[in-house]
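Peer 1: So here's final20.txt (compact mmCIF, C-alpha atoms).
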# COMPACT_ATOMS: atom_id res chain seq x y z
CA MET A 1 -6.72 53.81 -4.93
CA LYS A 2 -7.90 56.38 -7.49
CA ASN A 3 -10.14 59.36 -6.81
CA THR A 4 -12.66 60.83 -9.23
CA ALA A 5 -12.68 64.57 -9.93
CA LEU A 6 -15.53 64.79 -7.39
CA SER A 7 -14.21 62.62 -4.53
CA GLN A 8 -13.50 65.59 -2.24
CA ILE A 9 -17.05 66.89 -2.77
CA HIS A 10 -18.46 63.54 -1.62
CA ILE A 11 -16.22 63.58 1.45
CA ASP A 12 -17.28 67.16 2.26
CA LEU A 13 -20.93 66.09 1.95
CA GLY A 14 -20.33 63.40 4.58
CA ALA A 15 -20.61 60.42 2.24
CA LYS A 16 -19.48 57.04 3.46
CA MET A 17 -16.59 56.26 1.10
CA VAL A 18 -15.55 52.73 0.13
CA PRO A 19 -13.06 51.18 -2.29
CA PHE A 20 -14.84 50.09 -5.49
CA ALA A 21 -13.12 48.87 -8.67
CA GLY A 22 -9.92 50.60 -7.55
CA TYR A 23 -11.66 53.93 -6.87
CA ASN A 24 -12.61 55.79 -3.69
CA MET A 25 -16.39 55.95 -4.16
CA PRO A 26 -19.43 57.13 -2.14
CA VAL A 27 -21.61 54.18 -1.10
CA GLN A 28 -24.22 56.31 0.69
CA TYR A 29 -24.98 59.77 2.07
CA ALA A 30 -28.32 59.89 3.95
CA GLY A 31 -28.89 56.12 3.75
CA ILE A 32 -29.60 53.63 0.98
CA ASN A 33 -33.39 53.44 1.43
CA ALA A 34 -33.86 57.22 1.49
CA GLU A 35 -31.61 57.67 -1.55
CA HIS A 36 -33.38 54.86 -3.40
CA GLU A 37 -36.74 56.56 -2.80
CA THR A 38 -35.36 59.92 -3.99
CA VAL A 39 -34.48 58.39 -7.37
CA ARG A 40 -37.76 56.52 -7.74
CA LYS A 41 -39.89 59.57 -6.87
CA ALA A 42 -37.85 62.69 -7.69
CA VAL A 43 -34.24 63.06 -8.89
CA GLY A 44 -30.81 62.05 -7.67
CA VAL A 45 -27.23 62.34 -8.89
CA PHE A 46 -24.64 59.55 -8.98
CA ASP A 47 -20.94 60.10 -9.60
CA VAL A 48 -20.07 57.15 -11.84
CA SER A 49 -16.84 58.61 -13.19
CA HIS A 50 -15.08 55.32 -12.47
CA MET A 51 -16.63 53.86 -15.64
CA GLY A 52 -14.37 53.42 -18.67
CA GLU A 53 -14.65 55.15 -22.04
CA PHE A 54 -12.85 54.21 -25.27
CA ILE A 55 -12.99 56.14 -28.55
CA LEU A 56 -12.67 54.14 -31.78
CA LYS A 57 -12.24 56.06 -35.04
CA GLY A 58 -11.88 55.52 -38.76
CA ASP A 59 -13.57 53.65 -41.57
CA LYS A 60 -12.74 50.27 -39.95
CA ALA A 61 -14.05 51.18 -36.47
CA LEU A 62 -17.47 49.62 -37.07
CA ASP A 63 -15.87 46.43 -38.42
CA LEU A 64 -13.88 46.04 -35.21
CA ILE A 65 -16.94 46.68 -33.03
CA GLN A 66 -18.93 44.14 -35.06
CA ARG A 67 -16.18 41.58 -34.58
CA VAL A 68 -15.94 41.89 -30.78
CA THR A 69 -19.53 42.67 -29.71
CA SER A 70 -22.59 40.43 -29.76
CA ASN A 71 -25.18 43.02 -30.82
CA ASP A 72 -25.47 44.39 -34.36
CA ALA A 73 -23.83 47.83 -34.27
CA SER A 74 -24.58 48.36 -37.97
CA LYS A 75 -28.12 49.27 -36.85
CA LEU A 76 -26.82 52.33 -35.00
CA TYR A 77 -27.25 55.86 -36.34
CA ASP A 78 -25.69 59.14 -35.20
CA GLY A 79 -26.89 59.85 -31.65
CA LYS A 80 -27.99 56.27 -30.92
CA VAL A 81 -26.77 54.07 -28.04
CA GLN A 82 -26.76 50.26 -27.97
CA TYR A 83 -26.40 47.79 -25.10
CA SER A 84 -24.12 44.89 -25.99
CA CYS A 85 -21.57 42.47 -24.60
CA LEU A 86 -18.07 41.25 -25.40
CA PRO A 87 -18.23 37.45 -25.68
CA ASN A 88 -15.07 35.50 -24.91
CA LYS A 89 -13.84 32.39 -26.74
CA ASP A 90 -15.15 29.99 -24.09
CA GLY A 91 -18.86 30.85 -24.10
CA GLY A 92 -18.69 33.48 -21.35
CA ILE A 93 -18.69 37.28 -21.25
CA VAL A 94 -15.62 39.54 -21.07
CA ASP A 95 -17.87 42.49 -20.15
CA ASP A 96 -21.17 44.18 -20.93
CA LEU A 97 -20.98 47.66 -22.40
CA LEU A 98 -22.68 50.54 -24.21
CA VAL A 99 -21.81 51.47 -27.79
CA TYR A 100 -22.34 55.13 -28.81
CA ARG A 101 -22.32 56.13 -32.48
CA ILE A 102 -21.04 59.71 -32.54
CA ASP A 103 -20.75 59.75 -36.32
CA GLU A 104 -20.17 57.29 -39.15
CA ALA A 105 -16.48 56.91 -38.27
CA THR A 106 -16.47 57.65 -34.51
CA TYR A 107 -17.76 55.44 -31.72
CA MET A 108 -17.52 55.52 -27.94
CA LEU A 109 -17.54 52.32 -25.90
CA VAL A 110 -18.51 52.61 -22.22
CA VAL A 111 -17.25 49.70 -20.13
CA ASN A 112 -17.30 48.66 -16.48
CA ALA A 113 -14.74 50.23 -14.16
CA SER A 114 -13.26 46.94 -12.98
CA ASN A 115 -12.74 45.79 -16.58
CA ILE A 116 -11.11 48.82 -18.23
CA GLU A 117 -7.66 47.30 -18.77
CA LYS A 118 -9.08 43.83 -19.46
CA ASP A 119 -11.51 45.17 -22.11
CA TRP A 120 -8.85 47.36 -23.74
CA ASN A 121 -6.50 44.40 -24.09
CA TRP A 122 -9.30 42.14 -25.33
CA ILE A 123 -10.47 44.53 -28.06
CA SER A 124 -6.88 45.39 -29.03
CA GLN A 125 -6.02 41.79 -29.89
CA PHE A 126 -8.73 41.85 -32.59
CA ASN A 127 -7.63 45.24 -33.96
CA THR A 128 -5.76 43.79 -36.94
CA GLU A 129 -6.72 46.71 -39.22
CA GLY A 130 -5.05 49.37 -37.07
CA VAL A 131 -8.21 51.16 -35.96
CA PRO A 132 -7.17 54.26 -33.94
CA MET A 133 -8.24 53.61 -30.32
CA LYS A 134 -8.02 56.05 -27.42
CA ASP A 135 -8.71 55.34 -23.74
CA ILE A 136 -10.24 58.54 -22.33
CA SER A 137 -11.37 56.97 -19.04
CA ASP A 138 -8.97 58.88 -16.79
CA ARG A 139 -9.90 62.27 -18.21
CA THR A 140 -13.68 61.74 -18.36
CA SER A 141 -16.23 62.32 -15.60
CA LEU A 142 -19.70 60.80 -15.73
CA LEU A 143 -22.74 61.99 -13.77
CA ALA A 144 -25.96 59.97 -13.80
CA VAL A 145 -28.92 62.25 -13.07
CA GLN A 146 -31.75 59.79 -12.53
CA GLY A 147 -35.43 59.97 -11.63
CA PRO A 148 -38.81 61.05 -13.02
CA LYS A 149 -38.02 64.76 -12.44
CA ALA A 150 -34.60 64.65 -14.13
CA ALA A 151 -35.66 66.34 -17.39
CA GLU A 152 -37.40 69.21 -15.54
CA ALA A 153 -34.48 69.61 -13.16
CA LEU A 154 -31.87 69.87 -15.94
CA GLN A 155 -33.74 71.65 -18.75
CA SER A 156 -32.71 75.18 -17.70
CA LEU A 157 -29.06 74.21 -18.18
CA THR A 158 -29.21 73.29 -21.88
CA ASP A 159 -30.86 74.04 -25.23
CA ILE A 160 -31.17 70.30 -25.89
CA ASP A 161 -34.86 69.36 -25.61
CA LEU A 162 -34.53 66.80 -22.84
CA GLY A 163 -38.22 65.96 -22.67
CA SER A 164 -38.30 64.75 -26.28
CA MET A 165 -35.15 62.61 -26.14
CA GLU A 166 -35.87 58.93 -26.73
CA TYR A 167 -34.48 56.24 -24.45
CA TYR A 168 -30.98 55.16 -25.53
CA THR A 169 -30.25 58.24 -27.62
CA PHE A 170 -27.83 61.09 -26.92
CA GLU A 171 -26.93 64.58 -28.06
CA LYS A 172 -23.70 66.50 -27.86
CA GLY A 173 -24.08 70.15 -26.99
CA SER A 174 -23.75 72.98 -24.51
CA PHE A 175 -24.65 72.17 -20.90
CA ALA A 176 -24.33 74.61 -17.99
CA GLY A 177 -22.20 76.81 -20.27
CA ILE A 178 -19.77 74.01 -21.14
CA ASP A 179 -19.48 72.90 -24.78
CA ASN A 180 -19.25 69.32 -26.07
CA VAL A 181 -21.05 67.67 -23.16
CA ILE A 182 -22.62 64.33 -24.11
CA VAL A 183 -26.16 64.21 -22.69
CA SER A 184 -27.38 60.63 -22.89
CA ALA A 185 -30.91 59.37 -22.15
CA THR A 186 -29.56 56.26 -20.46
CA GLY A 187 -29.14 54.96 -16.91
CA TYR A 188 -29.02 51.93 -14.65
CA THR A 189 -32.03 52.62 -12.43
CA GLY A 190 -35.22 52.18 -14.47
CA ALA A 191 -36.33 55.57 -13.15
CA GLY A 192 -35.59 57.59 -16.29
CA GLY A 193 -33.03 60.34 -16.53
CA PHE A 194 -29.73 61.20 -18.17
CA GLU A 195 -26.01 60.55 -18.06
CA LEU A 196 -23.59 63.45 -18.59
CA TYR A 197 -20.09 62.86 -19.99
CA VAL A 198 -17.73 65.78 -19.35
CA ASP A 199 -13.99 66.43 -19.14
CA ASN A 200 -12.67 66.20 -15.57
CA GLU A 201 -11.82 69.91 -15.53
CA HIS A 202 -15.53 70.77 -15.83
CA ALA A 203 -16.91 68.10 -13.47
CA GLU A 204 -17.15 70.23 -10.34
CA HIS A 205 -18.78 73.11 -12.24
CA ILE A 206 -21.34 70.76 -13.80
CA TRP A 207 -22.04 69.09 -10.42
CA ASN A 208 -22.69 72.47 -8.75
CA LYS A 209 -24.90 73.75 -11.58
CA VAL A 210 -26.94 70.53 -11.60
CA PHE A 211 -27.61 70.87 -7.87
CA GLU A 212 -28.53 74.56 -8.20
CA ALA A 213 -30.98 73.86 -11.03
CA GLY A 214 -32.35 70.76 -9.32
CA ALA A 215 -32.90 72.30 -5.87
CA PRO A 216 -36.62 73.08 -6.48
CA PHE A 217 -37.12 69.43 -7.48
CA GLY A 218 -35.60 67.93 -4.34
CA ILE A 219 -32.37 66.78 -5.98
CA LYS A 220 -29.99 64.78 -3.77
CA PRO A 221 -26.61 63.05 -4.12
CA ILE A 222 -26.93 59.26 -4.35
CA GLY A 223 -24.36 56.57 -3.56
CA LEU A 224 -23.52 53.22 -5.12
CA GLY A 225 -25.58 51.35 -2.51
CA ALA A 226 -28.86 52.70 -3.90
CA ARG A 227 -27.57 52.23 -7.45
CA ASP A 228 -27.38 48.51 -6.70
CA THR A 229 -30.88 48.22 -5.18
CA LEU A 230 -32.37 50.28 -8.03
CA ARG A 231 -30.75 48.17 -10.78
CA LEU A 232 -31.74 44.94 -9.04
CA GLU A 233 -35.41 45.99 -8.87
CA MET A 234 -35.23 46.28 -12.67
CA GLY A 235 -33.48 42.94 -13.13
CA PHE A 236 -30.42 44.61 -14.70
CA CYS A 237 -27.29 42.45 -14.68
CA LEU A 238 -24.22 43.45 -12.68
CA TYR A 239 -20.92 42.26 -14.12
CA GLY A 240 -19.05 40.11 -11.64
CA ASN A 241 -22.30 39.04 -9.98
CA ASP A 242 -24.90 38.04 -12.57
CA ILE A 243 -22.62 37.76 -15.59
CA ASP A 244 -18.92 36.99 -15.89
CA ASP A 245 -16.30 35.10 -17.90
CA ALA A 246 -18.08 31.80 -17.22
CA THR A 247 -21.71 32.78 -17.98
CA SER A 248 -23.14 32.58 -21.49
CA PRO A 249 -25.12 35.60 -22.72
CA LEU A 250 -27.89 33.13 -23.66
CA GLU A 251 -27.98 31.70 -20.13
CA ALA A 252 -28.08 35.27 -18.78
CA GLY A 253 -31.17 36.20 -20.80
CA LEU A 254 -29.11 38.40 -23.14
CA GLY A 255 -30.22 36.64 -26.30
CA TRP A 256 -31.79 39.95 -27.33
CA VAL A 257 -28.29 41.48 -27.67
CA THR A 258 -26.80 38.36 -29.29
CA LYS A 259 -27.40 38.72 -33.02
CA PHE A 260 -26.47 35.81 -35.28
CA SER A 261 -27.01 37.90 -38.42
CA LYS A 262 -23.24 38.56 -38.29
CA GLU A 263 -20.09 36.77 -37.18
CA PHE A 264 -18.49 37.77 -33.88
CA THR A 265 -16.24 36.21 -31.25
CA ASN A 266 -17.49 32.68 -30.49
CA SER A 267 -20.70 33.24 -32.48
CA ALA A 268 -20.68 29.74 -34.00
CA ALA A 269 -20.50 28.05 -30.58
CA LEU A 270 -23.17 30.34 -29.16
CA ALA A 271 -25.42 29.58 -32.14
CA GLU A 272 -24.98 25.86 -31.39
CA GLN A 273 -25.86 26.50 -27.74
CA LYS A 274 -29.00 28.37 -28.81
CA ALA A 275 -30.05 25.49 -31.05
CA ALA A 276 -29.41 22.85 -28.38
CA GLY A 277 -30.96 24.89 -25.56
CA VAL A 278 -29.22 26.15 -22.43
CA LYS A 279 -28.91 23.95 -19.34
CA GLN A 280 -29.28 26.81 -16.84
CA LYS A 281 -30.95 30.21 -16.88
CA LEU A 282 -30.63 33.45 -14.98
CA VAL A 283 -34.00 34.01 -13.28
CA GLY A 284 -35.61 36.49 -10.93
CA PHE A 285 -37.22 35.34 -7.71
CA GLU A 286 -38.98 36.84 -4.72
CA MET A 287 -38.93 35.43 -1.23
CA ILE A 288 -42.16 33.92 0.11
CA ASP A 289 -40.82 33.26 3.61
CA ARG A 290 -38.66 35.65 5.63
CA GLY A 291 -35.03 35.92 4.64
CA ILE A 292 -32.73 38.01 2.46
CA PRO A 293 -30.88 36.21 -0.35
CA ARG A 294 -27.23 37.10 -0.88
CA HIS A 295 -24.62 36.52 -3.59
CA ASP A 296 -23.46 32.88 -3.77
CA TYR A 297 -26.23 31.47 -1.53
CA GLU A 298 -27.23 28.00 -2.65
CA ILE A 299 -30.59 27.43 -4.40
CA VAL A 300 -32.20 24.03 -3.75
CA ASP A 301 -35.40 22.17 -4.65
CA ALA A 302 -38.03 20.89 -2.19
CA ASP A 303 -35.89 17.82 -1.50
CA GLY A 304 -32.77 19.86 -0.73
CA ASN A 305 -31.00 19.07 -4.00
CA ASN A 306 -28.76 21.82 -5.37
CA ILE A 307 -30.28 23.43 -8.47
CA GLY A 308 -28.31 26.67 -8.67
CA LYS A 309 -26.98 29.72 -6.86
CA VAL A 310 -27.95 33.29 -6.05
CA THR A 311 -26.05 35.98 -7.97
CA SER A 312 -27.72 39.12 -6.53
CA GLY A 313 -30.18 39.70 -3.71
CA THR A 314 -31.55 42.45 -1.48
CA GLN A 315 -34.51 43.73 0.49
CA SER A 316 -36.30 45.83 -2.13
CA PRO A 317 -36.94 49.36 -0.77
CA SER A 318 -39.75 49.97 -3.28
CA LEU A 319 -41.53 46.64 -2.85
CA GLN A 320 -40.80 46.00 0.84
CA LYS A 321 -39.94 42.39 0.07
CA ALA A 322 -36.77 40.41 -0.52
CA ILE A 323 -35.87 39.78 -4.15
CA GLY A 324 -32.99 38.21 -6.02
CA MET A 325 -31.53 36.82 -9.20
CA GLY A 326 -29.70 33.58 -9.74
CA TYR A 327 -28.95 30.72 -12.09
CA VAL A 328 -31.11 27.60 -11.86
CA LYS A 329 -31.33 24.43 -13.90
CA ASN A 330 -33.56 24.94 -16.91
CA GLU A 331 -36.41 22.77 -15.58
CA PHE A 332 -36.79 25.08 -12.55
CA ALA A 333 -36.77 28.35 -14.52
CA LYS A 334 -40.50 28.58 -15.28
CA GLU A 335 -42.36 31.53 -13.76
CA GLY A 336 -44.21 30.54 -10.59
CA THR A 337 -41.91 27.61 -9.75
CA GLU A 338 -41.20 27.24 -6.02
CA ILE A 339 -37.53 27.15 -5.06
CA PHE A 340 -35.66 27.38 -1.77
CA ILE A 341 -32.71 29.58 -0.80
CA LYS A 342 -30.25 28.18 1.73
CA ILE A 343 -29.92 30.94 4.37
CA ARG A 344 -27.83 29.91 7.39
CA ASP A 345 -28.55 26.22 6.70
CA ASN A 346 -32.31 26.83 6.48
CA ALA A 347 -34.16 26.25 3.18
CA VAL A 348 -36.27 29.40 2.82
CA LYS A 349 -39.12 29.35 0.31
CA ALA A 350 -39.14 31.62 -2.76
CA LYS A 351 -40.76 31.62 -6.21
CA ILE A 352 -39.59 32.41 -9.72
CA VAL A 353 -40.90 35.72 -11.07
CA LYS A 354 -40.20 37.58 -14.29
CA PRO A 355 -38.17 40.80 -13.90
CA PRO A 356 -38.51 43.71 -13.69
CA PHE A 357 -39.58 43.28 -10.07
CA TYR A 358 -40.54 46.97 -9.87
CA LYS A 359 -43.03 48.25 -12.40
CA ALA A 360 -43.46 52.02 -12.46
Render the structure in this file as structure tokens.
Peer 2:
Amino acid sequence: MKNTALSQIHIDLGAKMVPFAGYNMPVQYAGINAEHETVRKAVGVFDVSHMGEFILKGDKALDLIQRVTSNDASKLYDGKVQYSCLPNKDGGIVDDLLVYRIDEATYMLVVNASNIEKDWNWISQFNTEGVPMKDISDRTSLLAVQGPKAAEALQSLTDIDLGSMEYYTFEKGSFAGIDNVIVSATGYTGAGGFELYVDNEHAEHIWNKVFEAGAPFGIKPIGLGARDTLRLEMGFCLYGNDIDDATSPLEAGLGWVTKFSKEFTNSAALAEQKAAGVKQKLVGFEMIDRGIPRHDYEIVDADGNNIGKVTSGTQSPSLQKAIGMGYVKNEFAKEGTEIFIKIRDNAVKAKIVKPPFYKA
């Protein structure tokens, strides 16, 4: 099992550590609900250094990205980030990812921790033009500083005007006295904030400076448990749960990052699927009766017939109600439709709602 550059700090802080995607990661410190509330109301810091980062360079880099990703990366400009996915040849998704345009000939792809080797091999097989690719995952640390007070908490550490940064943009500059830090107005919480990409050798210094500067704003360390409840309240997909090699981006509601203005892996088949209409859809739902939905629970209709399955579910700390996401047959996907979740052989009533569940 791998450690991040900050694993010992988490252990010293008393975090509960668990194996995640091959890494020793903090799942919680003070408790998931308390940490969740910290991010929604103030500011918290996640160590997400397990994520993968690839650098693609050269005049053919964009061509390769266009070939393997579903979104249109030609729309990017320097300092812009794009959410996208890597479609496979069978209608499913290899991974979802972020594409960063550093300059006209330099891009950074940020991929899920559990898919680093898989994604590298997938992209490499399409690299017929010899685009220089570098995997910098093992030398890169990533801190997600999330919450409505994030900009105030971090501003004293950098000359970058954090308050004016638009969502899904980034700047490279000096941060806490360290040069070439990527400060990105992105995150996986829906609470606002930034993600900081730094070399491992500077990770501990950056962590300490962030907590010093953030102390007046109530900054706290946050584990992966609250990261999951926060992303689910926003209806953000988690790879391996809500999307995977067998789920179409169109079924998953990712039509907005599937652009048929260009050719990409499996684009013709996906265009046919769009024209014909999908047979199942990823939907959000909230429980009407008591019960917490969990991954792989069966979804049934009023007569007990199987109509789908739960992909993610939790008791929402912000809403104080149970919520979930899952795939259902198309005819049951309309907002307001009553469905039932099989919990310990009981059919527990729920209804389809449109994410995000939490609205700031």
Peer 1: Output as CSV one row per residue of stretch 138-241 of chain A within 7 Å of stretch 31-48 of chain A: the closest atom pair and its distance in Å to one decimal place, counting only C-alpha atoms, sorted by chain and residue number ascending.
Peer 2:
residue,atom,partner,partner_atom,distance
A:Leu142,CA,A:Val48,CA,5.3
A:Leu143,CA,A:Asp47,CA,4.9
A:Ala144,CA,A:Phe46,CA,5.0
A:Val145,CA,A:Val45,CA,4.5
A:Gln146,CA,A:Gly44,CA,5.4
A:Gly147,CA,A:Val43,CA,4.3
A:Pro148,CA,A:Ala42,CA,5.7
A:Lys149,CA,A:Ala42,CA,5.2
A:Ala150,CA,A:Val43,CA,5.5
A:Ala191,CA,A:Arg40,CA,5.7
A:Phe217,CA,A:Ala42,CA,6.8
A:Gly218,CA,A:Ala42,CA,6.6
A:Ile219,CA,A:Val43,CA,5.1
A:Lys220,CA,A:Gly44,CA,4.8
A:Pro221,CA,A:Val45,CA,4.9
A:Ile222,CA,A:Phe46,CA,5.2
A:Gly223,CA,A:Phe46,CA,6.2
A:Gly225,CA,A:Ile32,CA,5.8
A:Ala226,CA,A:Ile32,CA,5.0
A:Leu230,CA,A:His36,CA,6.6
Peer 1: When you count all atoms listed in the file, which of these residues is closest to A:His205: A:Asn180, A:Leu6, A:Met25, A:Val257?
Peer 2: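 For A:His205, the nearest of the candidates is A:Leu6.
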Peer 1: Using only C-alpha atoms, which residues of stretch 56-87 of chain A come within 12 Å of stretch 124-129 of chain A, and what is the closest atom pair for each, with the distance in Å to one decimal? Give it as CSV, sorted by chain and residue number.
Peer 2:
residue,atom,partner,partner_atom,distance
A:Leu56,CA,A:Asn127,CA,10.5
A:Lys57,CA,A:Glu129,CA,11.6
A:Gly58,CA,A:Glu129,CA,10.2
A:Asp59,CA,A:Glu129,CA,10.0
A:Lys60,CA,A:Glu129,CA,7.0
A:Ala61,CA,A:Glu129,CA,9.0
A:Leu62,CA,A:Asn127,CA,11.2
A:Asp63,CA,A:Glu129,CA,9.2
A:Leu64,CA,A:Asn127,CA,6.4
A:Ile65,CA,A:Asn127,CA,9.5
A:Gln66,CA,A:Phe126,CA,10.7
A:Arg67,CA,A:Phe126,CA,7.7
A:Val68,CA,A:Phe126,CA,7.4
A:Thr69,CA,A:Phe126,CA,11.2
A:Leu86,CA,A:Phe126,CA,11.8
Peer 1: Excluding same-chain residues fewer than 4 positions from A:Leu154, what lies within 7 Å of it counting only C-alpha atoms, as a list in words?
Peer 2: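 Close residues of A:Leu154: Ala150, Val210, Ala213 and Gly214 of chain A.
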Peer 1: At a cut-off of 10 Å around the point (-19.3, 36.2, -29.8) (file coordinates), what residues fall inside when counting only C-alpha atoms? I'd like the answer as an mmCIF file with C-alpha atoms, in the coordinates of the input.
Peer 2:
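Final output, saved to selection_7.cif:
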data_model
loop_
_atom_site.group_PDB
_atom_site.id
_atom_site.type_symbol
_atom_site.label_atom_id
_atom_site.label_comp_id
_atom_site.auth_asym_id
_atom_site.auth_seq_id
_atom_site.Cartn_x
_atom_site.Cartn_y
_atom_site.Cartn_z
ATOM 1 C CA GLN A 66 -18.930 44.140 -35.060
ATOM 2 C CA ARG A 67 -16.180 41.580 -34.580
ATOM 3 C CA VAL A 68 -15.940 41.890 -30.780
ATOM 4 C CA THR A 69 -19.530 42.670 -29.710
ATOM 5 C CA SER A 70 -22.590 40.430 -29.760
ATOM 6 C CA ASN A 71 -25.180 43.020 -30.820
ATOM 7 C CA CYS A 85 -21.570 42.470 -24.600
ATOM 8 C CA LEU A 86 -18.070 41.250 -25.400
ATOM 9 C CA PRO A 87 -18.230 37.450 -25.680
ATOM 10 C CA ASN A 88 -15.070 35.500 -24.910
ATOM 11 C CA LYS A 89 -13.840 32.390 -26.740
ATOM 12 C CA ASP A 90 -15.150 29.990 -24.090
ATOM 13 C CA GLY A 91 -18.860 30.850 -24.100
ATOM 14 C CA GLY A 92 -18.690 33.480 -21.350
ATOM 15 C CA ILE A 93 -18.690 37.280 -21.250
ATOM 16 C CA SER A 248 -23.140 32.580 -21.490
ATOM 17 C CA PRO A 249 -25.120 35.600 -22.720
ATOM 18 C CA THR A 258 -26.800 38.360 -29.290
ATOM 19 C CA LYS A 259 -27.400 38.720 -33.020
ATOM 20 C CA PHE A 260 -26.470 35.810 -35.280
ATOM 21 C CA LYS A 262 -23.240 38.560 -38.290
ATOM 22 C CA GLU A 263 -20.090 36.770 -37.180
ATOM 23 C CA PHE A 264 -18.490 37.770 -33.880
ATOM 24 C CA THR A 265 -16.240 36.210 -31.250
ATOM 25 C CA ASN A 266 -17.490 32.680 -30.490
ATOM 26 C CA SER A 267 -20.700 33.240 -32.480
ATOM 27 C CA ALA A 268 -20.680 29.740 -34.000
ATOM 28 C CA ALA A 269 -20.500 28.050 -30.580
ATOM 29 C CA LEU A 270 -23.170 30.340 -29.160
ATOM 30 C CA ALA A 271 -25.420 29.580 -32.140
#
Peer 1: Looking at A:Ser312, A:Ser261, A:Asn306, A:Gln280, which one is nearest to A:Lys75, with distances taken over all atoms listed in the file?
Peer 2: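 Counting all atoms listed in the file, the residue closest to A:Lys75 is A:Ser261.
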Peer 1: Let me make sure I understand: among A:Leu162, A:Val310, A:Ile288, A:Ala347, which one has the smallest atom-to-atom distance to A:Ile243 if we use all atoms listed in the file?
Peer 2: A:Val310
Peer 1: Can you take the partial stretch 33-50 of chain A, add N, CA and C atoms, and return it as a JSON list (two decimals), keeping the file's coordinate frame?
Peer 2:
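Full text of rebuild.json as output:
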[["chain", "number", "residue", "atom", "x", "y", "z"],
["A", 33, "ASN", "N", -31.93, 53.44, 1.67],
["A", 33, "ASN", "CA", -33.39, 53.44, 1.43],
["A", 33, "ASN", "C", -33.89, 54.82, 1.05],
["A", 34, "ALA", "N", -33.42, 55.85, 1.78],
["A", 34, "ALA", "CA", -33.86, 57.22, 1.49],
["A", 34, "ALA", "C", -33.38, 57.65, 0.11],
["A", 35, "GLU", "N", -32.15, 57.29, -0.24],
["A", 35, "GLU", "CA", -31.61, 57.67, -1.55],
["A", 35, "GLU", "C", -32.32, 56.92, -2.68],
["A", 36, "HIS", "N", -32.62, 55.67, -2.45],
["A", 36, "HIS", "CA", -33.38, 54.86, -3.40],
["A", 36, "HIS", "C", -34.73, 55.53, -3.69],
["A", 37, "GLU", "N", -35.42, 55.93, -2.65],
["A", 37, "GLU", "CA", -36.74, 56.56, -2.80],
["A", 37, "GLU", "C", -36.64, 57.90, -3.55],
["A", 38, "THR", "N", -35.57, 58.65, -3.29],
["A", 38, "THR", "CA", -35.36, 59.92, -3.99],
["A", 38, "THR", "C", -35.32, 59.70, -5.50],
["A", 39, "VAL", "N", -34.60, 58.66, -5.94],
["A", 39, "VAL", "CA", -34.48, 58.39, -7.37],
["A", 39, "VAL", "C", -35.79, 57.87, -7.96],
["A", 40, "ARG", "N", -36.49, 57.04, -7.23],
["A", 40, "ARG", "CA", -37.76, 56.52, -7.74],
["A", 40, "ARG", "C", -38.83, 57.61, -7.86],
["A", 41, "LYS", "N", -38.80, 58.60, -6.94],
["A", 41, "LYS", "CA", -39.89, 59.57, -6.87],
["A", 41, "LYS", "C", -39.53, 60.97, -7.36],
["A", 42, "ALA", "N", -38.24, 61.32, -7.34],
["A", 42, "ALA", "CA", -37.85, 62.69, -7.69],
["A", 42, "ALA", "C", -36.63, 62.68, -8.61],
["A", 43, "VAL", "N", -35.45, 63.05, -8.08],
["A", 43, "VAL", "CA", -34.24, 63.06, -8.89],
["A", 43, "VAL", "C", -33.01, 63.01, -8.00],
["A", 44, "GLY", "N", -32.05, 62.19, -8.41],
["A", 44, "GLY", "CA", -30.81, 62.05, -7.67],
["A", 44, "GLY", "C", -29.62, 62.01, -8.62],
["A", 45, "VAL", "N", -28.44, 62.27, -8.07],
["A", 45, "VAL", "CA", -27.23, 62.34, -8.89],
["A", 45, "VAL", "C", -26.18, 61.35, -8.37],
["A", 46, "PHE", "N", -25.72, 60.49, -9.27],
["A", 46, "PHE", "CA", -24.64, 59.55, -8.98],
["A", 46, "PHE", "C", -23.36, 60.04, -9.66],
["A", 47, "ASP", "N", -22.24, 59.95, -8.97],
["A", 47, "ASP", "CA", -20.94, 60.10, -9.60],
["A", 47, "ASP", "C", -20.49, 58.70, -10.03],
["A", 48, "VAL", "N", -20.51, 58.45, -11.33],
["A", 48, "VAL", "CA", -20.07, 57.15, -11.84],
["A", 48, "VAL", "C", -18.87, 57.34, -12.78],
["A", 49, "SER", "N", -18.01, 58.26, -12.37],
["A", 49, "SER", "CA", -16.84, 58.61, -13.19],
["A", 49, "SER", "C", -15.80, 57.50, -13.23],
["A", 50, "HIS", "N", -16.00, 56.46, -12.43],
["A", 50, "HIS", "CA", -15.08, 55.32, -12.47],
["A", 50, "HIS", "C", -15.27, 54.47, -13.72]]
